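Participant: Pasting final_26.cif below, which is mmCIF, C-alpha atoms.
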data_query
loop_
_atom_site.group_PDB
_atom_site.id
_atom_site.type_symbol
_atom_site.label_atom_id
_atom_site.label_comp_id
_atom_site.auth_asym_id
_atom_site.auth_seq_id
_atom_site.Cartn_x
_atom_site.Cartn_y
_atom_site.Cartn_z
ATOM 1 C CA LEU A 1 -90.342 17.010 114.161
ATOM 2 C CA ALA A 2 -93.173 19.554 114.068
ATOM 3 C CA ALA A 3 -92.285 20.297 110.437
ATOM 4 C CA VAL A 4 -92.322 16.580 109.629
ATOM 5 C CA VAL A 5 -95.784 16.235 111.195
ATOM 6 C CA MET A 6 -97.060 19.129 109.072
ATOM 7 C CA LEU A 7 -95.598 17.527 105.943
ATOM 8 C CA GLN A 8 -97.409 14.310 106.706
ATOM 9 C CA GLN A 9 -100.651 16.190 107.282
ATOM 10 C CA ALA A 10 -100.137 17.865 103.891
ATOM 11 C CA GLY A 11 -100.129 14.451 102.225
ATOM 12 C CA VAL A 12 -96.432 13.632 101.847
ATOM 13 C CA LYS A 13 -96.139 9.879 101.339
ATOM 14 C CA GLU A 14 -92.489 9.336 102.284
ATOM 15 C CA ILE A 15 -90.089 11.421 104.356
ATOM 16 C CA VAL A 16 -86.325 10.983 104.107
ATOM 17 C CA SER A 17 -83.875 12.603 106.501
ATOM 18 C CA LEU A 18 -81.168 13.902 104.161
ATOM 19 C CA GLU A 19 -78.667 13.966 107.027
ATOM 20 C CA ASP A 20 -77.895 10.631 108.639
ATOM 21 C CA VAL A 21 -78.733 11.661 112.222
ATOM 22 C CA GLY A 22 -80.035 8.346 113.532
ATOM 23 C CA MET A 23 -83.329 7.490 115.202
ATOM 24 C CA SER A 24 -82.216 8.791 118.622
ATOM 25 C CA TYR A 25 -82.211 12.331 117.197
ATOM 26 C CA TRP A 26 -85.905 12.183 116.358
ATOM 27 C CA ARG A 27 -86.837 10.513 119.650
ATOM 28 C CA ARG A 28 -85.483 13.518 121.575
ATOM 29 C CA ALA A 29 -88.207 15.719 120.056
ATOM 30 C CA LEU A 30 -91.079 16.706 122.341
ATOM 31 C CA LEU A 31 -93.612 15.327 119.858
ATOM 32 C CA SER A 32 -91.867 11.970 119.413
ATOM 33 C CA GLY A 33 -94.117 10.091 121.847
ATOM 34 C CA GLU A 34 -97.290 11.436 120.301
ATOM 35 C CA HIS A 35 -96.072 10.612 116.783
ATOM 36 C CA ALA A 36 -94.060 7.437 117.434
ATOM 37 C CA ASP A 37 -95.253 5.707 114.251
ATOM 38 C CA LEU A 38 -94.219 8.694 112.139
ATOM 39 C CA VAL A 39 -90.784 8.771 113.756
ATOM 40 C CA LYS A 40 -90.290 5.084 112.940
ATOM 41 C CA ALA A 41 -91.262 5.744 109.312
ATOM 42 C CA ILE A 42 -88.570 8.380 108.690
ATOM 43 C CA HIS A 43 -85.925 6.933 106.382
ATOM 44 C CA GLY A 44 -82.238 7.740 106.489
ATOM 45 C CA PRO A 45 -80.401 8.808 103.315
ATOM 46 C CA ALA A 46 -79.396 6.376 100.597
ATOM 47 C CA ASP A 47 -76.045 6.240 98.824
ATOM 48 C CA MET A 48 -73.952 9.193 97.624
ATOM 49 C CA ILE A 49 -73.703 10.400 94.033
ATOM 50 C CA SER A 50 -71.491 12.947 92.309
ATOM 51 C CA VAL A 51 -73.332 15.838 90.706
ATOM 52 C CA PRO A 52 -71.709 18.393 88.354
ATOM 53 C CA LEU A 53 -71.988 22.028 89.419
ATOM 54 C CA HIS A 54 -72.693 24.173 86.380
ATOM 55 C CA GLY A 55 -71.689 27.809 86.808
ATOM 56 C CA ALA A 56 -69.679 27.199 89.981
ATOM 57 C CA ARG A 57 -66.588 29.331 90.539
ATOM 58 C CA GLN A 58 -64.556 27.035 92.747
ATOM 59 C CA LEU A 59 -65.897 23.490 92.436
ATOM 60 C CA LYS A 60 -66.612 21.164 89.535
ATOM 61 C CA GLU A 61 -68.901 18.750 91.369
ATOM 62 C CA ILE A 62 -70.440 17.830 94.685
ATOM 63 C CA GLU A 63 -70.761 14.414 96.302
ATOM 64 C CA ILE A 64 -74.161 14.379 97.993
ATOM 65 C CA VAL A 65 -76.821 11.896 99.080
ATOM 66 C CA ARG A 66 -78.820 10.627 96.125
ATOM 67 C CA ASP A 67 -82.145 11.480 97.759
ATOM 68 C CA TYR A 68 -81.260 15.190 97.792
ATOM 69 C CA ILE A 69 -81.232 15.183 94.000
ATOM 70 C CA GLU A 70 -83.914 12.590 93.250
ATOM 71 C CA CYS A 71 -86.643 13.352 95.816
ATOM 72 C CA ASP A 72 -89.751 15.274 94.761
ATOM 73 C CA ALA A 73 -89.204 18.146 97.213
ATOM 74 C CA VAL A 74 -86.405 19.356 99.487
ATOM 75 C CA VAL A 75 -87.447 20.997 102.750
ATOM 76 C CA ASN A 76 -84.432 22.674 104.337
ATOM 77 C CA VAL A 77 -85.002 23.033 108.090
ATOM 78 C CA ALA A 78 -82.352 25.284 109.624
ATOM 79 C CA ILE A 79 -81.747 26.162 113.248
ATOM 80 C CA PHE A 80 -80.222 29.625 113.040
ATOM 81 C CA LYS A 81 -76.998 29.974 115.047
ATOM 82 C CA ASP A 82 -73.582 31.544 115.281
ATOM 83 C CA HIS A 83 -70.655 29.843 113.576
ATOM 84 C CA THR A 84 -66.969 30.339 114.353
ATOM 85 C CA GLY A 85 -65.992 30.060 110.702
ATOM 86 C CA THR A 86 -68.771 31.333 108.446
ATOM 87 C CA ARG A 87 -70.277 33.486 111.246
ATOM 88 C CA PHE A 88 -73.795 32.204 110.586
ATOM 89 C CA THR A 89 -75.530 28.898 109.964
ATOM 90 C CA GLY A 90 -78.788 28.732 108.038
ATOM 91 C CA ALA A 91 -80.165 27.123 104.897
ATOM 92 C CA LEU A 92 -77.092 27.505 102.684
ATOM 93 C CA LYS A 93 -74.684 25.856 105.110
ATOM 94 C CA ASN A 94 -77.211 23.125 105.890
ATOM 95 C CA ILE A 95 -76.295 21.429 102.608
ATOM 96 C CA MET A 96 -73.109 20.201 104.279
ATOM 97 C CA GLY A 97 -75.200 17.773 106.308
ATOM 98 C CA ALA A 98 -76.086 15.964 103.089
ATOM 99 C CA THR A 99 -72.601 15.847 101.580
ATOM 100 C CA SER A 100 -70.045 13.065 101.887
ATOM 101 C CA ARG A 101 -67.281 13.228 104.494
ATOM 102 C CA THR A 102 -64.737 13.639 101.683
ATOM 103 C CA THR A 103 -66.616 16.645 100.283
ATOM 104 C CA ASN A 104 -67.109 18.145 103.725
ATOM 105 C CA THR A 105 -63.433 17.807 104.586
ATOM 106 C CA TYR A 106 -62.339 19.292 101.264
ATOM 107 C CA TRP A 107 -64.527 22.346 101.717
ATOM 108 C CA HIS A 108 -62.885 22.962 105.086
ATOM 109 C CA THR A 109 -59.279 22.214 104.167
ATOM 110 C CA GLY A 110 -58.994 22.061 100.362
ATOM 111 C CA SER A 111 -57.281 25.421 99.971
ATOM 112 C CA GLY A 112 -54.219 24.077 101.778
ATOM 113 C CA ALA A 113 -54.407 26.677 104.510
ATOM 114 C CA GLY A 114 -54.682 23.980 107.181
ATOM 115 C CA GLY A 115 -57.281 23.790 109.918
ATOM 116 C CA TYR A 116 -61.061 23.695 109.544
ATOM 117 C CA TYR A 117 -61.559 27.458 109.615
ATOM 118 C CA ASN A 118 -58.217 28.834 108.455
ATOM 119 C CA ASP A 119 -59.635 29.760 105.061
ATOM 120 C CA VAL A 120 -63.199 30.919 105.592
ATOM 121 C CA THR A 121 -63.278 32.480 102.115
ATOM 122 C CA PHE A 122 -62.653 29.090 100.491
ATOM 123 C CA LEU A 123 -65.214 27.383 102.736
ATOM 124 C CA SER A 124 -67.848 30.055 102.111
ATOM 125 C CA ARG A 125 -67.433 29.885 98.342
ATOM 126 C CA CYS A 126 -67.601 26.083 98.395
ATOM 127 C CA ILE A 127 -70.899 26.305 100.280
ATOM 128 C CA ALA A 128 -72.244 28.761 97.717
ATOM 129 C CA ASP A 129 -71.084 26.583 94.804
ATOM 130 C CA GLY A 130 -72.568 23.462 96.401
ATOM 131 C CA ASN A 131 -75.998 25.046 96.559
ATOM 132 C CA LEU A 132 -76.063 25.166 92.748
ATOM 133 C CA CYS A 133 -76.881 21.445 92.684
ATOM 134 C CA ARG A 134 -80.491 22.042 93.701
ATOM 135 C CA LYS A 135 -82.542 24.855 95.207
ATOM 136 C CA PRO A 136 -84.707 23.865 98.191
ATOM 137 C CA THR A 137 -88.449 23.708 97.659
ATOM 138 C CA LEU A 138 -88.990 25.328 101.057
ATOM 139 C CA CYS A 139 -86.756 26.673 103.818
ATOM 140 C CA ILE A 140 -87.891 26.743 107.447
ATOM 141 C CA GLY A 141 -85.828 28.611 110.030
ATOM 142 C CA ASP A 142 -86.057 28.012 113.773
ATOM 143 C CA ALA A 143 -85.156 31.134 115.745
ATOM 144 C CA THR A 144 -86.693 30.082 119.049
ATOM 145 C CA GLU A 145 -83.468 28.994 120.772
ATOM 146 C CA VAL A 146 -80.497 30.465 118.938
ATOM 147 C CA LEU A 147 -76.851 29.962 119.901
ATOM 148 C CA VAL A 148 -75.635 33.535 119.481
ATOM 149 C CA ARG A 149 -71.964 33.040 120.334
ATOM 150 C CA ASN A 150 -69.335 30.271 120.202
ATOM 151 C CA GLY A 151 -71.142 28.280 117.534
ATOM 152 C CA PRO A 152 -71.621 25.886 115.963
ATOM 153 C CA SER A 153 -71.297 23.509 118.927
ATOM 154 C CA GLY A 154 -71.062 25.845 121.948
ATOM 155 C CA PRO A 155 -71.269 26.044 124.854
ATOM 156 C CA GLY A 156 -72.468 29.611 124.569
ATOM 157 C CA PRO A 157 -75.335 31.952 125.324
ATOM 158 C CA THR A 158 -78.671 31.436 123.603
ATOM 159 C CA ARG A 159 -81.477 33.813 122.791
ATOM 160 C CA ASP A 160 -85.114 33.147 122.011
ATOM 161 C CA PHE A 161 -86.220 35.398 119.154
ATOM 162 C CA ARG A 162 -89.705 33.800 119.309
ATOM 163 C CA THR A 163 -89.661 33.617 115.538
ATOM 164 C CA VAL A 164 -90.037 30.967 112.840
ATOM 165 C CA VAL A 165 -89.132 31.934 109.281
ATOM 166 C CA ALA A 166 -90.220 30.291 106.013
ATOM 167 C CA GLY A 167 -89.269 31.084 102.430
ATOM 168 C CA THR A 168 -88.326 29.657 99.053
ATOM 169 C CA ASP A 169 -85.152 31.689 98.415
ATOM 170 C CA PRO A 170 -82.295 30.296 100.569
ATOM 171 C CA VAL A 171 -80.183 33.422 100.019
ATOM 172 C CA SER A 172 -82.725 35.987 101.202
ATOM 173 C CA PHE A 173 -83.701 33.498 103.905
ATOM 174 C CA ASP A 174 -80.131 33.448 105.265
ATOM 175 C CA ALA A 175 -79.698 37.171 104.726
ATOM 176 C CA TYR A 176 -82.672 37.784 106.975
ATOM 177 C CA GLY A 177 -81.681 35.123 109.489
ATOM 178 C CA SER A 178 -78.215 36.619 109.903
ATOM 179 C CA THR A 179 -79.741 39.989 110.835
ATOM 180 C CA LEU A 180 -81.338 38.341 113.862
ATOM 181 C CA LEU A 181 -77.802 37.697 115.144
ATOM 182 C CA GLY A 182 -76.835 41.318 114.535
ATOM 183 C CA PHE A 183 -75.165 41.034 111.131
ATOM 184 C CA ARG A 184 -75.863 43.072 108.029
ATOM 185 C CA GLN A 185 -76.932 40.786 105.195
ATOM 186 C CA ASP A 186 -73.786 41.728 103.237
ATOM 187 C CA GLN A 187 -71.441 40.634 106.050
ATOM 188 C CA ILE A 188 -71.856 36.883 105.481
ATOM 189 C CA LEU A 189 -69.587 35.853 102.605
ATOM 190 C CA MET A 190 -71.422 32.647 101.664
ATOM 191 C CA VAL A 191 -74.643 34.673 101.339
ATOM 192 C CA ARG A 192 -72.962 37.225 99.067
ATOM 193 C CA ALA A 193 -71.297 34.467 97.020
ATOM 194 C CA ALA A 194 -74.579 32.585 96.571
ATOM 195 C CA SER A 195 -76.281 35.800 95.476
ATOM 196 C CA GLU A 196 -73.539 36.421 92.908
ATOM 197 C CA LEU A 197 -74.107 32.903 91.517
ATOM 198 C CA GLY A 198 -77.788 33.666 91.001
ATOM 199 C CA ILE A 199 -79.050 31.161 93.568
ATOM 200 C CA GLY A 200 -81.131 33.923 95.130
ATOM 201 C CA THR A 201 -80.887 37.506 96.308
ATOM 202 C CA SER A 202 -79.554 38.972 99.533
ATOM 203 C CA ALA A 203 -81.448 42.239 99.025
ATOM 204 C CA LEU A 204 -83.872 42.361 101.916
ATOM 205 C CA GLU A 205 -86.116 44.856 100.119
ATOM 206 C CA THR A 206 -87.078 41.987 97.787
ATOM 207 C CA LEU A 207 -87.587 39.584 100.666
ATOM 208 C CA ARG A 208 -90.142 36.857 100.040
ATOM 209 C CA ILE A 209 -90.312 35.014 103.333
ATOM 210 C CA GLU A 210 -92.961 34.628 106.000
ATOM 211 C CA THR A 211 -92.228 35.114 109.690
ATOM 212 C CA ALA A 212 -94.274 34.079 112.688
ATOM 213 C CA VAL A 213 -93.701 35.699 116.080
ATOM 214 C CA LEU A 214 -94.547 33.131 118.731
#
Could you show the structure in this file as structure tokens?
Facilitator:
Amino acid sequence: LAAVVMLQQAGVKEIVSLEDVGMSYWRRALLSGEHADLVKAIHGPADMISVPLHGARQLKEIEIVRDYIECDAVVNVAIFKDHTGTRFTGALKNIMGATSRTTNTYWHTGSGAGGYYNDVTFLSRCIADGNLCRKPTLCIGDATEVLVRNGPSGPGPTRDFRTVVAGTDPVSFDAYGSTLLGFRQDQILMVRAASELGIGTSALETLRIETAVL
């Protein structure tokens, strides 16, 4: 919610939650009482549309909420964490929150291997392909309470890195975020696949993100 407040202060006229999380999600935020009117003004996503994926290696199209494609700016707010399948969750994987259930299920099971994480290569490449539909305007990464094992849903140990990350390249953003959890940037397949597609770069020496140590 802090990011939403800052967007409003920057002059944003309308804020749409691209994932249909419901009003109770926003009311759990510490700032929800202080900014009750803003919370009430947050819209949920509209209908889904199919968007062709030019240059994708595994997919032809993605079914995603219309607002993701038609809004003026996409702000991708990621809570960095461990993930049983892809090993890391950040900006790239966040796109799954805006896709249809059919798309989400296909990415997990479409290879025919069975099970949600039985073919992590297929899932990772679908995530990379899906990010071709639109590059975020800004990525914000929360590394203040990170689930470092048994993600994405836990229970598991957490660690406070006292860090918030911001950048415009979702690939370098995730490459950096994964290093906080002890990975090399080349260990996360969806990051490598997205880099190969030209969505961004995983080379940390070209990193263009800002970090704040809290």
Participant: What residues come out when you apply the PyMOL selection byres ((chain A and resi 99) around 10) to this file, written as a CSV table (one decimal) with C-alpha atoms, in the frame of the given file?
Facilitator:
chain,number,residue,atom,x,y,z
A,18,LEU,CA,-81.2,13.9,104.2
A,19,GLU,CA,-78.7,14.0,107.0
A,48,MET,CA,-74.0,9.2,97.6
A,49,ILE,CA,-73.7,10.4,94.0
A,50,SER,CA,-71.5,12.9,92.3
A,62,ILE,CA,-70.4,17.8,94.7
A,63,GLU,CA,-70.8,14.4,96.3
A,64,ILE,CA,-74.2,14.4,98.0
A,65,VAL,CA,-76.8,11.9,99.1
A,66,ARG,CA,-78.8,10.6,96.1
A,68,TYR,CA,-81.3,15.2,97.8
A,94,ASN,CA,-77.2,23.1,105.9
A,95,ILE,CA,-76.3,21.4,102.6
A,96,MET,CA,-73.1,20.2,104.3
A,97,GLY,CA,-75.2,17.8,106.3
A,98,ALA,CA,-76.1,16.0,103.1
A,100,SER,CA,-70.0,13.1,101.9
A,101,ARG,CA,-67.3,13.2,104.5
A,102,THR,CA,-64.7,13.6,101.7
A,103,THR,CA,-66.6,16.6,100.3
A,104,ASN,CA,-67.1,18.1,103.7
A,105,THR,CA,-63.4,17.8,104.6
A,130,GLY,CA,-72.6,23.5,96.4
Participant: Under the rule that all atoms listed in the file are counted, which of A:Asp47, A:Arg159, A:Leu1, A:Asp119 is the nearest residue to Ala29 in chain A?
Facilitator: A:Leu1
Participant: Please, what distance in Å, to one decimal, runs between CA of Ile42 in chain A and CA of Thr168 in chain A?
Facilitator: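 For CA of Ile42 in chain A relative to CA of Thr168 in chain A, the distance reads 23.4 Å.
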Participant: For the file shown, what are the residues hit by the PyMOL selection byres ((chain A and resi 120) around 10), laid out as JSON, numbers by chain?
Facilitator: {"A": [84, 85, 86, 87, 107, 108, 109, 111, 113, 116, 117, 118, 119, 121, 122, 123, 124, 125, 126, 189, 190]}
Participant: So that I can see what lies close to Ala2 in chain A, please list as a PyMOL selection string the residues with an atom at most 12 Å from it, counting only C-alpha atoms and leaving out residues fewer than 2 positions away in the same chain.
Facilitator: chain A and resi 4-9+26+29-32+34-35+38-39+77+140+142+164
Participant: Output the selection as a short mmCIF file (atom, residue, chain, number, x, y, z; two decimals), in the frame of the given file - C-alpha atoms for each residue.
Facilitator:
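Dumped everything to out.cif:
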data_model
loop_
_atom_site.label_atom_id
_atom_site.label_comp_id
_atom_site.auth_asym_id
_atom_site.auth_seq_id
_atom_site.Cartn_x
_atom_site.Cartn_y
_atom_site.Cartn_z
CA VAL A 4 -92.32 16.58 109.63
CA VAL A 5 -95.78 16.24 111.20
CA MET A 6 -97.06 19.13 109.07
CA LEU A 7 -95.60 17.53 105.94
CA GLN A 8 -97.41 14.31 106.71
CA GLN A 9 -100.65 16.19 107.28
CA TRP A 26 -85.90 12.18 116.36
CA ALA A 29 -88.21 15.72 120.06
CA LEU A 30 -91.08 16.71 122.34
CA LEU A 31 -93.61 15.33 119.86
CA SER A 32 -91.87 11.97 119.41
CA GLU A 34 -97.29 11.44 120.30
CA HIS A 35 -96.07 10.61 116.78
CA LEU A 38 -94.22 8.69 112.14
CA VAL A 39 -90.78 8.77 113.76
CA VAL A 77 -85.00 23.03 108.09
CA ILE A 140 -87.89 26.74 107.45
CA ASP A 142 -86.06 28.01 113.77
CA VAL A 164 -90.04 30.97 112.84
#
Participant: Kindly resolve the PyMOL selection byres ((chain A and resi 195-203) around 6) on the present coordinates and return the residues as a PyMOL selection string.
Facilitator: chain A and resi 169+171-172+175+192-194+204-206
Participant: If you measure from CA of Leu138 in chain A to CA of Gly90 in chain A, what distance in Å do you get, rounded to one decimal?
Facilitator: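 According to the coordinates, CA of Leu138 in chain A and CA of Gly90 in chain A are separated by 12.8 Å.
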Participant: Quick check, in Å to one decimal: how far apart do CA of Pro170 in chain A and CA of Lys135 in chain A lie?
Facilitator: 7.6 Å
Participant: Measuring atom to atom with all atoms listed in the file, identify which of A:Arg162, A:Gln58, A:Asp82, A:His43 is nearest to Lys13 in chain A.
Facilitator: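 Selected residue with least distance to Lys13 in chain A: A:His43.
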Participant: For each of A:Thr179, A:Thr137, A:Gln185, A:Thr158, take the minimum atom-to-atom distance to Cys71 in chain A, counting all atoms listed in the file, then give the residue where this is smallest.
Facilitator: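 That would be A:Thr137, the residue with the smallest distance to Cys71 in chain A.
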Participant: Which residues are close to His54 in chain A, i.e. within 9 Å by all atoms listed in the file, leaving aside same-chain residues fewer than 5 positions away? Reply as a ChimeraX atom specification.
Facilitator: /A:60-61,129,132-133
Participant: Restricting the calculation to only C-alpha atoms, which member of A:Ala41, A:Val191, A:Ala166, A:Val12 is positioned closest to Asp72 in chain A?
Facilitator: A:Val12
Participant: Could you check which of A:Val74, A:Ala56, A:Ala36, A:Ile79 is closest to Thr144 in chain A, using only C-alpha atoms?
Facilitator: A:Ile79
Participant: Skip Ala143 in chain A itself and residues of its chain fewer than 3 positions away, then list as a ChimeraX atom specification all residues within 10 Å of it, counting all atoms listed in the file.
Facilitator: /A:78-81,140,146-147,159-165,177,180-181,213
Participant: Could you give me the axis-aligned bounding box of range 73-92 of chain A, with 8 Å of padding per side, as centre plus edge lengths in Å to one decimal, as lines of an AutoDock Vina configuration file?
Facilitator:
center_x = -77.6
center_y = 25.8
center_z = 106.2
size_x = 39.2
size_y = 31.3
size_z = 34.1
